[in-house]
$ cat protein-v9.cif   # mmCIF, C-alpha atoms and all ligand atoms
data_query
#
loop_
_atom_site.group_PDB
_atom_site.id
_atom_site.type_symbol
_atom_site.label_atom_id
_atom_site.label_comp_id
_atom_site.auth_asym_id
_atom_site.auth_seq_id
_atom_site.Cartn_x
_atom_site.Cartn_y
_atom_site.Cartn_z
ATOM 1 C CA MET I 24 -40.269 6.083 16.681
ATOM 2 C CA SER I 25 -39.800 9.456 18.304
ATOM 3 C CA SER I 26 -39.013 12.627 16.457
ATOM 4 C CA ASN I 27 -37.032 15.564 17.692
ATOM 5 C CA LEU I 28 -38.678 17.643 15.012
ATOM 6 C CA SER I 29 -41.335 19.053 17.273
ATOM 7 C CA PRO I 30 -44.292 20.791 15.693
ATOM 8 C CA GLY I 31 -43.741 24.536 15.906
ATOM 9 C CA PRO I 32 -46.188 26.996 17.395
ATOM 10 C CA PRO I 33 -49.603 27.147 15.746
ATOM 11 C CA VAL I 34 -49.322 28.653 12.293
ATOM 12 C CA GLY I 35 -50.118 32.354 12.516
ATOM 13 C CA PRO I 36 -48.607 35.619 11.395
ATOM 14 C CA PRO I 37 -44.824 35.187 11.060
ATOM 15 C CA ILE I 38 -42.866 36.630 14.006
ATOM 16 C CA GLY I 39 -39.787 38.870 13.806
ATOM 17 C CA PRO I 40 -37.256 39.219 10.969
ATOM 18 C CA PHE I 41 -34.916 36.325 11.303
ATOM 19 C CA LEU I 42 -33.017 36.866 8.137
ATOM 20 C CA HIS I 43 -32.251 40.414 7.108
ATOM 21 C CA LEU I 44 -30.480 41.445 3.921
ATOM 22 C CA GLU I 45 -29.502 45.074 3.630
ATOM 23 C CA ASN I 46 -28.255 46.659 0.438
ATOM 24 C CA VAL I 47 -26.562 43.473 -0.710
ATOM 25 C CA ASP I 48 -24.297 43.593 -3.765
ATOM 26 C CA LYS I 49 -22.510 40.711 -5.411
ATOM 27 C CA THR I 50 -20.081 41.308 -8.246
ATOM 28 C CA PHE I 51 -18.195 38.548 -10.025
ATOM 29 C CA PHE I 52 -14.972 39.265 -11.879
ATOM 30 C CA MET I 53 -14.157 37.080 -14.855
ATOM 31 C CA GLY I 54 -10.888 38.395 -16.236
ATOM 32 C CA ASP I 55 -11.759 41.826 -17.592
ATOM 33 C CA VAL I 56 -15.476 41.210 -17.403
ATOM 34 C CA GLN I 57 -17.430 42.318 -14.362
ATOM 35 C CA VAL I 58 -20.855 40.806 -13.664
ATOM 36 C CA GLU I 59 -23.110 42.553 -11.194
ATOM 37 C CA ALA I 60 -25.205 39.563 -10.091
ATOM 38 C CA LEU I 61 -26.934 41.408 -7.236
ATOM 39 C CA ALA I 62 -27.246 45.157 -6.802
ATOM 40 C CA GLY I 63 -28.726 46.736 -3.679
ATOM 41 C CA VAL I 64 -30.934 43.873 -2.545
ATOM 42 C CA SER I 65 -32.744 44.514 0.756
ATOM 43 C CA LEU I 66 -35.130 41.940 2.168
ATOM 44 C CA GLU I 67 -36.470 40.635 5.462
ATOM 45 C CA ILE I 68 -37.432 37.010 5.850
ATOM 46 C CA HIS I 69 -39.567 35.956 8.790
ATOM 47 C CA ASP I 70 -39.381 32.882 10.959
ATOM 48 C CA GLY I 71 -41.844 30.278 9.764
ATOM 49 C CA GLU I 72 -42.340 31.892 6.387
ATOM 50 C CA LEU I 73 -42.617 30.135 3.035
ATOM 51 C CA LEU I 74 -41.007 32.570 0.617
ATOM 52 C CA ALA I 75 -40.679 32.268 -3.152
ATOM 53 C CA VAL I 76 -38.030 34.156 -5.108
ATOM 54 C CA VAL I 77 -38.978 34.344 -8.755
ATOM 55 C CA GLY I 78 -37.010 35.666 -11.701
ATOM 56 C CA PRO I 79 -35.753 34.765 -15.145
ATOM 57 C CA SER I 80 -32.561 32.843 -15.673
ATOM 58 C CA GLY I 81 -29.530 34.985 -14.821
ATOM 59 C CA SER I 82 -31.476 37.364 -12.561
ATOM 60 C CA GLY I 83 -29.357 36.483 -9.510
ATOM 61 C CA LYS I 84 -31.551 33.927 -7.724
ATOM 62 C CA SER I 85 -28.863 31.330 -7.086
ATOM 63 C CA THR I 86 -26.388 34.038 -6.116
ATOM 64 C CA LEU I 87 -28.866 35.290 -3.518
ATOM 65 C CA LEU I 88 -29.441 31.807 -2.144
ATOM 66 C CA ASN I 89 -25.720 31.061 -1.980
ATOM 67 C CA LEU I 90 -25.146 34.197 0.088
ATOM 68 C CA ILE I 91 -27.927 33.239 2.503
ATOM 69 C CA ALA I 92 -26.563 29.680 2.636
ATOM 70 C CA GLY I 93 -23.107 30.881 3.671
ATOM 71 C CA MET I 94 -21.587 29.417 0.515
ATOM 72 C CA ASP I 95 -20.394 32.830 -0.637
ATOM 73 C CA ARG I 96 -19.937 36.322 0.769
ATOM 74 C CA PRO I 97 -21.476 39.588 -0.432
ATOM 75 C CA SER I 98 -19.313 42.213 -2.162
ATOM 76 C CA GLY I 99 -21.253 44.881 -0.274
ATOM 77 C CA GLY I 100 -24.066 45.196 2.240
ATOM 78 C CA THR I 101 -24.986 42.807 5.051
ATOM 79 C CA VAL I 102 -26.708 39.454 5.429
ATOM 80 C CA ARG I 103 -27.857 38.995 9.024
ATOM 81 C CA PHE I 104 -29.161 35.709 10.345
ATOM 82 C CA ARG I 105 -30.748 36.172 13.762
ATOM 83 C CA GLU I 106 -28.733 39.386 14.152
ATOM 84 C CA GLU I 107 -25.411 37.764 13.219
ATOM 85 C CA ASN I 108 -23.632 39.176 10.185
ATOM 86 C CA ILE I 109 -22.896 35.982 8.303
ATOM 87 C CA GLY I 110 -20.876 37.842 5.654
ATOM 88 C CA THR I 111 -18.132 38.503 8.207
ATOM 89 C CA PHE I 112 -18.018 34.975 9.610
ATOM 90 C CA SER I 113 -14.610 33.296 9.699
ATOM 91 C CA ASP I 114 -14.270 30.204 7.511
ATOM 92 C CA SER I 115 -14.922 27.903 10.452
ATOM 93 C CA GLN I 116 -17.941 29.910 11.611
ATOM 94 C CA GLN I 117 -19.227 29.744 8.050
ATOM 95 C CA THR I 118 -18.750 25.973 7.990
ATOM 96 C CA ASP I 119 -20.627 25.588 11.284
ATOM 97 C CA TYR I 120 -23.408 27.770 9.976
ATOM 98 C CA ARG I 121 -23.789 25.646 6.831
ATOM 99 C CA ARG I 122 -23.629 22.392 8.762
ATOM 100 C CA GLU I 123 -25.961 23.237 11.581
ATOM 101 C CA ARG I 124 -28.372 25.878 10.514
ATOM 102 C CA VAL I 125 -29.085 25.600 6.802
ATOM 103 C CA GLY I 126 -30.498 22.788 4.702
ATOM 104 C CA TYR I 127 -29.991 23.082 0.942
ATOM 105 C CA VAL I 128 -31.967 21.380 -1.816
ATOM 106 C CA PHE I 129 -30.555 21.519 -5.362
ATOM 107 C CA GLN I 130 -32.253 21.247 -8.742
ATOM 108 C CA PHE I 131 -30.407 18.034 -9.641
ATOM 109 C CA TYR I 132 -30.661 16.445 -6.157
ATOM 110 C CA ASN I 133 -26.868 15.910 -5.823
ATOM 111 C CA LEU I 134 -27.218 12.538 -4.111
ATOM 112 C CA ILE I 135 -24.182 10.280 -3.877
ATOM 113 C CA PRO I 136 -24.894 7.515 -6.418
ATOM 114 C CA SER I 137 -23.047 4.740 -4.548
ATOM 115 C CA LEU I 138 -24.970 5.294 -1.298
ATOM 116 C CA THR I 139 -28.529 4.203 -0.554
ATOM 117 C CA ALA I 140 -31.261 6.739 0.155
ATOM 118 C CA LEU I 141 -30.883 6.131 3.887
ATOM 119 C CA GLU I 142 -27.092 6.452 3.739
ATOM 120 C CA ASN I 143 -27.346 9.700 1.784
ATOM 121 C CA VAL I 144 -29.441 11.113 4.618
ATOM 122 C CA LEU I 145 -27.217 9.572 7.279
ATOM 123 C CA ILE I 146 -24.018 11.303 6.151
ATOM 124 C CA SER I 147 -25.650 14.694 6.509
ATOM 125 C CA THR I 148 -26.802 13.889 10.059
ATOM 126 C CA GLU I 149 -23.276 12.793 10.958
ATOM 127 C CA LEU I 150 -22.070 16.335 10.313
ATOM 128 C CA SER I 151 -24.501 18.029 12.626
ATOM 129 C CA ARG I 152 -24.979 18.269 16.389
ATOM 130 C CA ASP I 153 -28.726 17.878 16.794
ATOM 131 C CA PRO I 154 -29.966 15.745 13.909
ATOM 132 C CA MET I 155 -33.151 13.730 13.705
ATOM 133 C CA SER I 156 -32.822 10.074 12.801
ATOM 134 C CA PRO I 157 -32.389 9.414 9.063
ATOM 135 C CA GLU I 158 -35.338 7.017 9.237
ATOM 136 C CA GLU I 159 -37.539 9.762 10.644
ATOM 137 C CA ALA I 160 -36.458 12.189 7.910
ATOM 138 C CA LEU I 161 -37.301 9.619 5.225
ATOM 139 C CA ARG I 162 -40.640 8.995 6.884
ATOM 140 C CA LEU I 163 -41.489 12.697 6.710
ATOM 141 C CA VAL I 164 -40.986 12.688 2.940
ATOM 142 C CA GLU I 165 -42.952 9.420 2.686
ATOM 143 C CA LEU I 166 -40.036 7.287 1.558
ATOM 144 C CA THR I 167 -39.755 4.847 4.460
ATOM 145 C CA ASP I 168 -39.957 1.901 2.084
ATOM 146 C CA ARG I 169 -37.211 3.236 -0.218
ATOM 147 C CA GLY I 170 -34.364 3.553 2.301
ATOM 148 C CA ASP I 171 -32.370 0.696 0.753
ATOM 149 C CA HIS I 172 -32.673 1.953 -2.797
ATOM 150 C CA PHE I 173 -29.796 3.586 -4.626
ATOM 151 C CA PRO I 174 -30.497 6.890 -6.390
ATOM 152 C CA SER I 175 -30.491 5.124 -9.780
ATOM 153 C CA GLN I 176 -33.346 2.955 -8.515
ATOM 154 C CA LEU I 177 -35.481 5.981 -7.648
ATOM 155 C CA SER I 178 -37.544 8.303 -9.822
ATOM 156 C CA GLY I 179 -36.529 11.963 -10.097
ATOM 157 C CA GLY I 180 -39.248 12.994 -7.675
ATOM 158 C CA GLU I 181 -38.195 10.344 -5.172
ATOM 159 C CA GLN I 182 -34.569 11.430 -5.452
ATOM 160 C CA GLN I 183 -35.599 14.993 -4.745
ATOM 161 C CA ARG I 184 -37.573 13.848 -1.705
ATOM 162 C CA VAL I 185 -34.444 12.048 -0.456
ATOM 163 C CA ALA I 186 -32.569 15.327 -0.975
ATOM 164 C CA ILE I 187 -35.229 17.127 1.072
ATOM 165 C CA ALA I 188 -34.926 14.458 3.795
ATOM 166 C CA ARG I 189 -31.156 14.999 3.768
ATOM 167 C CA ALA I 190 -31.605 18.758 4.224
ATOM 168 C CA LEU I 191 -34.272 18.277 6.880
ATOM 169 C CA ALA I 192 -32.467 15.623 8.918
ATOM 170 C CA LYS I 193 -29.957 18.169 10.198
ATOM 171 C CA ASN I 194 -32.862 19.967 11.864
ATOM 172 C CA PRO I 195 -31.863 23.240 10.204
ATOM 173 C CA GLU I 196 -33.426 26.581 11.037
ATOM 174 C CA LEU I 197 -33.765 27.389 7.370
ATOM 175 C CA ILE I 198 -34.329 25.273 4.258
ATOM 176 C CA LEU I 199 -33.176 26.742 0.931
ATOM 177 C CA CYS I 200 -34.370 25.210 -2.331
ATOM 178 C CA ASP I 201 -32.830 26.166 -5.672
ATOM 179 C CA GLU I 202 -35.262 25.251 -8.468
ATOM 180 C CA PRO I 203 -36.410 22.140 -6.560
ATOM 181 C CA THR I 204 -38.845 21.124 -9.285
ATOM 182 C CA GLY I 205 -36.728 22.315 -12.208
ATOM 183 C CA ALA I 206 -35.832 18.803 -13.335
ATOM 184 C CA LEU I 207 -39.210 17.217 -12.644
ATOM 185 C CA ASP I 208 -42.377 16.689 -14.599
ATOM 186 C CA PHE I 209 -45.545 18.485 -13.599
ATOM 187 C CA THR I 210 -47.132 15.827 -11.372
ATOM 188 C CA THR I 211 -43.918 14.813 -9.647
ATOM 189 C CA GLY I 212 -43.004 18.457 -9.132
ATOM 190 C CA LYS I 213 -46.272 19.089 -7.336
ATOM 191 C CA ARG I 214 -45.653 16.135 -5.026
ATOM 192 C CA VAL I 215 -42.272 17.618 -4.081
ATOM 193 C CA LEU I 216 -43.890 21.017 -3.448
ATOM 194 C CA ARG I 217 -46.466 19.309 -1.233
ATOM 195 C CA VAL I 218 -43.662 17.908 0.943
ATOM 196 C CA LEU I 219 -42.141 21.399 1.271
ATOM 197 C CA VAL I 220 -45.484 23.036 2.076
ATOM 198 C CA ASP I 221 -46.212 20.390 4.735
ATOM 199 C CA LEU I 222 -42.833 20.965 6.374
ATOM 200 C CA ASN I 223 -43.615 24.656 6.483
ATOM 201 C CA ARG I 224 -47.211 24.430 7.649
ATOM 202 C CA LYS I 225 -46.966 21.513 10.076
ATOM 203 C CA PHE I 226 -43.507 22.076 11.514
ATOM 204 C CA ASN I 227 -43.159 25.813 11.009
ATOM 205 C CA LYS I 228 -39.915 25.403 9.053
ATOM 206 C CA THR I 229 -38.758 28.558 7.289
ATOM 207 C CA ILE I 230 -38.390 27.707 3.603
ATOM 208 C CA LEU I 231 -37.120 29.688 0.624
ATOM 209 C CA ILE I 232 -37.912 28.356 -2.810
ATOM 210 C CA ILE I 233 -36.307 29.949 -5.813
ATOM 211 C CA THR I 234 -37.782 29.311 -9.217
ATOM 212 C CA HIS I 235 -38.020 30.767 -12.707
ATOM 213 C CA ASN I 236 -41.603 29.474 -12.771
ATOM 214 C CA SER I 237 -44.099 32.126 -11.597
ATOM 215 C CA ALA I 238 -46.900 29.574 -11.233
ATOM 216 C CA ILE I 239 -45.085 27.910 -8.337
ATOM 217 C CA ALA I 240 -44.916 31.194 -6.443
ATOM 218 C CA LYS I 241 -48.655 30.988 -5.747
ATOM 219 C CA ILE I 242 -48.055 28.400 -3.002
ATOM 220 C CA ALA I 243 -45.881 30.830 -1.016
ATOM 221 C CA ASP I 244 -46.774 33.281 1.757
ATOM 222 C CA ARG I 245 -44.752 35.976 -0.013
ATOM 223 C CA VAL I 246 -43.225 36.358 -3.437
ATOM 224 C CA VAL I 247 -40.086 38.333 -4.226
ATOM 225 C CA ARG I 248 -39.471 39.147 -7.879
ATOM 226 C CA LEU I 249 -35.907 39.558 -9.043
ATOM 227 C CA ARG I 250 -34.701 41.030 -12.327
ATOM 228 C CA SER I 251 -31.116 41.830 -13.307
ATOM 229 C CA GLY I 252 -29.958 41.520 -9.703
ATOM 230 C CA ARG I 253 -32.608 43.846 -8.288
ATOM 231 C CA ILE I 254 -35.855 43.242 -6.424
ATOM 232 C CA THR I 255 -38.658 44.620 -8.562
ATOM 233 C CA GLN I 256 -41.620 43.537 -6.449
ATOM 234 C CA VAL I 257 -42.530 41.926 -3.127
ATOM 235 C CA GLU I 258 -46.091 40.752 -2.728
ATOM 236 C CA THR I 259 -47.999 38.852 -0.051
ATOM 237 C CA ASN I 260 -50.290 36.050 -1.120
ATOM 238 C CA ALA I 261 -53.429 36.545 0.921
ATOM 239 C CA ARG I 262 -54.419 32.998 0.081
ATOM 240 C CA PRO I 263 -51.542 30.722 -0.924
ATOM 241 C CA ILE I 264 -52.883 27.916 -3.105
ATOM 242 C CA PRO I 265 -52.239 24.216 -2.427
ATOM 243 C CA PRO I 266 -49.531 22.738 -4.703
ATOM 244 C CA GLU I 267 -52.163 20.420 -6.186
ATOM 245 C CA GLU I 268 -53.853 23.477 -7.713
ATOM 246 C CA VAL I 269 -50.722 24.840 -9.366
ATOM 247 C CA VAL I 270 -50.921 24.846 -13.153
ATOM 248 C CA TRP I 271 -47.833 25.286 -15.325
HETATM 249 P P1 LIG M 301 -30.129 32.670 -11.688
HETATM 250 O O1 LIG M 301 -29.975 31.669 -10.597
HETATM 251 O O2 LIG M 301 -31.256 33.619 -11.474
HETATM 252 O O3 LIG M 301 -30.249 32.015 -13.036
HETATM 253 P P2 LIG M 301 -27.409 33.398 -11.048
HETATM 254 O O4 LIG M 301 -27.464 33.919 -9.681
HETATM 255 O O5 LIG M 301 -26.897 32.003 -11.240
HETATM 256 O O6 LIG M 301 -28.824 33.580 -11.749
HETATM 257 O O7 LIG M 301 -26.482 34.349 -11.921
HETATM 258 C C1 LIG M 301 -26.632 35.764 -11.980
HETATM 259 C C2 LIG M 301 -25.541 36.338 -12.859
HETATM 260 O O8 LIG M 301 -24.272 36.171 -12.235
HETATM 261 C C3 LIG M 301 -25.432 35.666 -14.205
HETATM 262 O O9 LIG M 301 -25.091 36.634 -15.158
HETATM 263 C C4 LIG M 301 -24.304 34.673 -14.003
HETATM 264 O O10 LIG M 301 -23.650 34.388 -15.203
HETATM 265 C C5 LIG M 301 -23.406 35.392 -13.045
HETATM 266 N N1 LIG M 301 -22.670 34.479 -12.164
HETATM 267 C C6 LIG M 301 -23.208 33.656 -11.225
HETATM 268 N N2 LIG M 301 -22.259 32.974 -10.564
HETATM 269 C C7 LIG M 301 -21.069 33.377 -11.103
HETATM 270 C C8 LIG M 301 -19.703 33.032 -10.852
HETATM 271 N N3 LIG M 301 -19.365 32.174 -9.894
HETATM 272 N N4 LIG M 301 -18.761 33.649 -11.595
HETATM 273 C C9 LIG M 301 -19.103 34.537 -12.547
HETATM 274 N N5 LIG M 301 -20.362 34.924 -12.831
HETATM 275 C C10 LIG M 301 -21.332 34.344 -12.129
HETATM 276 MG MG MG M 302 -30.000 29.596 -10.652
#
$ encode --input "protein-v9.cif" --output "structure tokens" --more "lines below"
Ligand code: ADP
Ligand code: MG
Amino acid sequence: MSSNLSPGPPVGPPIGPFLHLENVDKTFFMGDVQVEALAGVSLEIHDGELLAVVGPSGSGKSTLLNLIAGMDRPSGGTVRFREENIGTFSDSQQTDYRRERVGYVFQFYNLIPSLTALENVLISTELSRDPMSPEEALRLVELTDRGDHFPSQLSGGEQQRVAIARALAKNPELILCDEPTGALDFTTGKRVLRVLVDLNRKFNKTILIITHNSAIAKIADRVVRLRSGRITQVETNARPIPPEEVVW
């Protein structure tokens, strides 16, 4: 079976900012109440990077990811993806961007219960122009033998790996994960992180993982800390640890 997910260049220092957030604000209005979910967030993300965004619940992590995913638009500032200002995209440009360029992994997997694992991956490939085969995507998350299973016949960790295969199968430039291990036990969570780290290290996929769990951040190349909608710290991990060594 051939793969059109070619291994990227040898893993080395990340090259060029490929995602650039400048002074990003996001304010939600709920009747009379105004929530400033993000305030003045500036950040560069590099091609091939594994980045963790860490912060307590309500700090703006999901809001940040949704803006990068093209699921929402900033109230102020710019989000540039390879020099394109995605905040000013038309609705159809935004749809194309989401379909073609971004893979999204959710905390609760969001698989369609009446479709098999393979079919869940297949429908995502049918929406994109340059997908890999669903079988290949399942192989990369080590679920070749589970393609015919329905989500209810899979463990939480397996369901999340199907969700990763679904995100990956589109061949996106960027994979965004919102609390990917949030619903999983310790051991299963580490297995899911291993799949993400392998996709980053072997195939040079740019991956953002957001989590409220600081321990997970140790697997990343860089860690961004968020609090009350503001970045409080950005640090580089000189030596990211393997997921198997994470303790939480
Ligand atoms: P996190 O993912 O870090 O837990 P969120 O980004 O979900 O945080 O939320 C940040 C803040 O913005 C919270 O106070 C939350 O209640 C608020 N918020 C998020 N989405 C919306 C929305 N669609 N409408 C109103 N408020 C929202
Ligand atoms: Mg969240």
$ resolve_selection --input "protein-v9.cif" --expression "the PyMOL selection byres (((chain I and resi 99-115) around 8) and not hetatm)" --output "number ranges by chain"
I: 40-49, 63, 90-91, 93, 96-98, 116-119
$ closest_atom_pairs --input "protein-v9.cif" --of "chain I" --to "ligand MG 302 (chain M)" --cutoff "8 Å" --atoms "all atoms listed in the file" --output "tab-separated table"
residue	atom	partner	partner_atom	distance
I:Ser80	CA	M:MG302	MG	6.5
I:Gly81	CA	M:MG302	MG	6.8
I:Gly83	CA	M:MG302	MG	7.0
I:Lys84	CA	M:MG302	MG	5.5
I:Ser85	CA	M:MG302	MG	4.1
I:Thr86	CA	M:MG302	MG	7.3
I:Asp201	CA	M:MG302	MG	6.7
I:Glu202	CA	M:MG302	MG	7.2
I:Ile233	CA	M:MG302	MG	8.0
I:Thr234	CA	M:MG302	MG	7.9
$ axis_aligned_box --input "protein-v9.cif" --around "ligand LIG 301 (chain M)" --padding-each-side "4 Å" --output "lines of an AutoDock Vina configuration file"
center_x = -25.0
center_y = 34.2
center_z = -12.4
size_x = 20.5
size_y = 13.0
size_z = 13.5
$ residues_near_ligand --input "protein-v9.cif" --ligand "ligand LIG 301 (chain M)" --cutoff "12 Å" --atoms "all atoms listed in the file" --output "PyMOL selection string"
chain I and resi 48-62+76-90+94-96+129-130+200-202+205+232-236+248-254
$ atom_distance --input "protein-v9.cif" --atom1 "atom CA of I:Leu191" --atom2 "atom CA of I:Val269"
24.0 Å
$ resolve_selection --input "protein-v9.cif" --expression "the PyMOL selection byres (((chain I and resi 165-171) around 6) and not hetatm)" --output "JSON, numbers by chain"
{"I": [139, 140, 141, 161, 162, 163, 164, 172]}
$ atom_distance --input "protein-v9.cif" --atom1 "atom CA of I:Ala206" --atom2 "atom CA of I:Ala238"
15.6 Å
$ resolve_selection --input "protein-v9.cif" --expression "the PyMOL selection byres (((chain I and resi 146) around 12) and not hetatm)" --output "mmCIF file with C-alpha atoms, keeping the file's coordinate frame"
data_model
loop_
_atom_site.group_PDB
_atom_site.id
_atom_site.type_symbol
_atom_site.label_atom_id
_atom_site.label_comp_id
_atom_site.auth_asym_id
_atom_site.auth_seq_id
_atom_site.Cartn_x
_atom_site.Cartn_y
_atom_site.Cartn_z
ATOM 1 C CA ARG I 122 -23.629 22.392 8.762
ATOM 2 C CA LEU I 134 -27.218 12.538 -4.111
ATOM 3 C CA ILE I 135 -24.182 10.280 -3.877
ATOM 4 C CA LEU I 138 -24.970 5.294 -1.298
ATOM 5 C CA THR I 139 -28.529 4.203 -0.554
ATOM 6 C CA ALA I 140 -31.261 6.739 0.155
ATOM 7 C CA LEU I 141 -30.883 6.131 3.887
ATOM 8 C CA GLU I 142 -27.092 6.452 3.739
ATOM 9 C CA ASN I 143 -27.346 9.700 1.784
ATOM 10 C CA VAL I 144 -29.441 11.113 4.618
ATOM 11 C CA LEU I 145 -27.217 9.572 7.279
ATOM 12 C CA SER I 147 -25.650 14.694 6.509
ATOM 13 C CA THR I 148 -26.802 13.889 10.059
ATOM 14 C CA GLU I 149 -23.276 12.793 10.958
ATOM 15 C CA LEU I 150 -22.070 16.335 10.313
ATOM 16 C CA SER I 151 -24.501 18.029 12.626
ATOM 17 C CA PRO I 154 -29.966 15.745 13.909
ATOM 18 C CA SER I 156 -32.822 10.074 12.801
ATOM 19 C CA PRO I 157 -32.389 9.414 9.063
ATOM 20 C CA ALA I 186 -32.569 15.327 -0.975
ATOM 21 C CA ALA I 188 -34.926 14.458 3.795
ATOM 22 C CA ARG I 189 -31.156 14.999 3.768
ATOM 23 C CA ALA I 190 -31.605 18.758 4.224
ATOM 24 C CA ALA I 192 -32.467 15.623 8.918
ATOM 25 C CA LYS I 193 -29.957 18.169 10.198
#
$ closest_residue --input "protein-v9.cif" --among "I:Val215, I:Leu74, I:Met155, I:Ile68" --to "I:Asn194" --atoms "only C-alpha atoms"
I:Met155
$ atom_distance --input "protein-v9.cif" --atom1 "atom CA of I:Leu231" --atom2 "atom CA of I:Glu181"
20.2 Å
$ closest_residue --input "protein-v9.cif" --among "I:Pro203, I:Val218, I:Thr259, I:Gly126" --to "I:Val246" --atoms "all atoms listed in the file"
I:Thr259
$ residues_around --input "protein-v9.cif" --residues "I:Ser178" --least-positions-apart "4" --cutoff "10 Å" --atoms "only C-alpha atoms" --output "PyMOL selection string"
chain I and resi 174+182-184+207+211
$ closest_residue --input "protein-v9.cif" --among "I:Glu267, I:Glu123, I:Glu67, I:Glu258" --to "I:Val220" --atoms "all atoms listed in the file"
I:Glu267
$ closest_residue --input "protein-v9.cif" --among "I:Asp208, I:Glu268, I:Asp244, I:Glu158" --to "I:Arg224" --atoms "only C-alpha atoms"
I:Asp244
$ closest_residue --input "protein-v9.cif" --among "I:Leu177, I:Trp271, I:Thr255, I:Asp70" --to "I:Thr210" --atoms "only C-alpha atoms"
I:Trp271
$ decode --input "protein-v9.cif" --residues "stretch 80-92 of chain I" --atoms "N, CA and C atoms" --output "JSON list (two decimals), in the first residue's frame"
[["chain", "number", "residue", "atom", "x", "y", "z"],
["I", 80, "SER", "N", -8.62, 25.81, 33.12],
["I", 80, "SER", "CA", -9.92, 25.88, 32.47],
["I", 80, "SER", "C", -10.38, 27.34, 32.40],
["I", 81, "GLY", "N", -10.88, 27.75, 31.26],
["I", 81, "GLY", "CA", -11.38, 29.11, 31.08],
["I", 81, "GLY", "C", -10.31, 30.12, 30.70],
["I", 82, "SER", "N", -9.07, 29.66, 30.48],
["I", 82, "SER", "CA", -7.99, 30.60, 30.17],
["I", 82, "SER", "C", -7.97, 31.03, 28.70],
["I", 83, "GLY", "N", -8.79, 30.40, 27.87],
["I", 83, "GLY", "CA", -8.87, 30.82, 26.47],
["I", 83, "GLY", "C", -8.25, 29.85, 25.47],
["I", 84, "LYS", "N", -7.90, 28.66, 25.93],
["I", 84, "LYS", "CA", -7.22, 27.69, 25.06],
["I", 84, "LYS", "C", -8.07, 27.29, 23.85],
["I", 85, "SER", "N", -9.30, 26.89, 24.13],
["I", 85, "SER", "CA", -10.16, 26.45, 23.02],
["I", 85, "SER", "C", -10.47, 27.61, 22.09],
["I", 86, "THR", "N", -10.65, 28.78, 22.65],
["I", 86, "THR", "CA", -10.90, 29.98, 21.83],
["I", 86, "THR", "C", -9.73, 30.19, 20.87],
["I", 87, "LEU", "N", -8.53, 30.07, 21.39],
["I", 87, "LEU", "CA", -7.32, 30.24, 20.57],
["I", 87, "LEU", "C", -7.29, 29.21, 19.43],
["I", 88, "LEU", "N", -7.56, 27.96, 19.79],
["I", 88, "LEU", "CA", -7.53, 26.90, 18.79],
["I", 88, "LEU", "C", -8.60, 27.10, 17.72],
["I", 89, "ASN", "N", -9.78, 27.53, 18.15],
["I", 89, "ASN", "CA", -10.87, 27.74, 17.20],
["I", 89, "ASN", "C", -10.54, 28.86, 16.21],
["I", 90, "LEU", "N", -9.82, 29.87, 16.67],
["I", 90, "LEU", "CA", -9.42, 30.94, 15.75],
["I", 90, "LEU", "C", -8.41, 30.42, 14.73],
["I", 91, "ILE", "N", -7.46, 29.61, 15.21],
["I", 91, "ILE", "CA", -6.44, 29.06, 14.31],
["I", 91, "ILE", "C", -7.09, 28.07, 13.33],
["I", 92, "ALA", "N", -8.13, 27.38, 13.81],
["I", 92, "ALA", "CA", -8.81, 26.38, 12.98],
["I", 92, "ALA", "C", -9.74, 26.99, 11.95]]
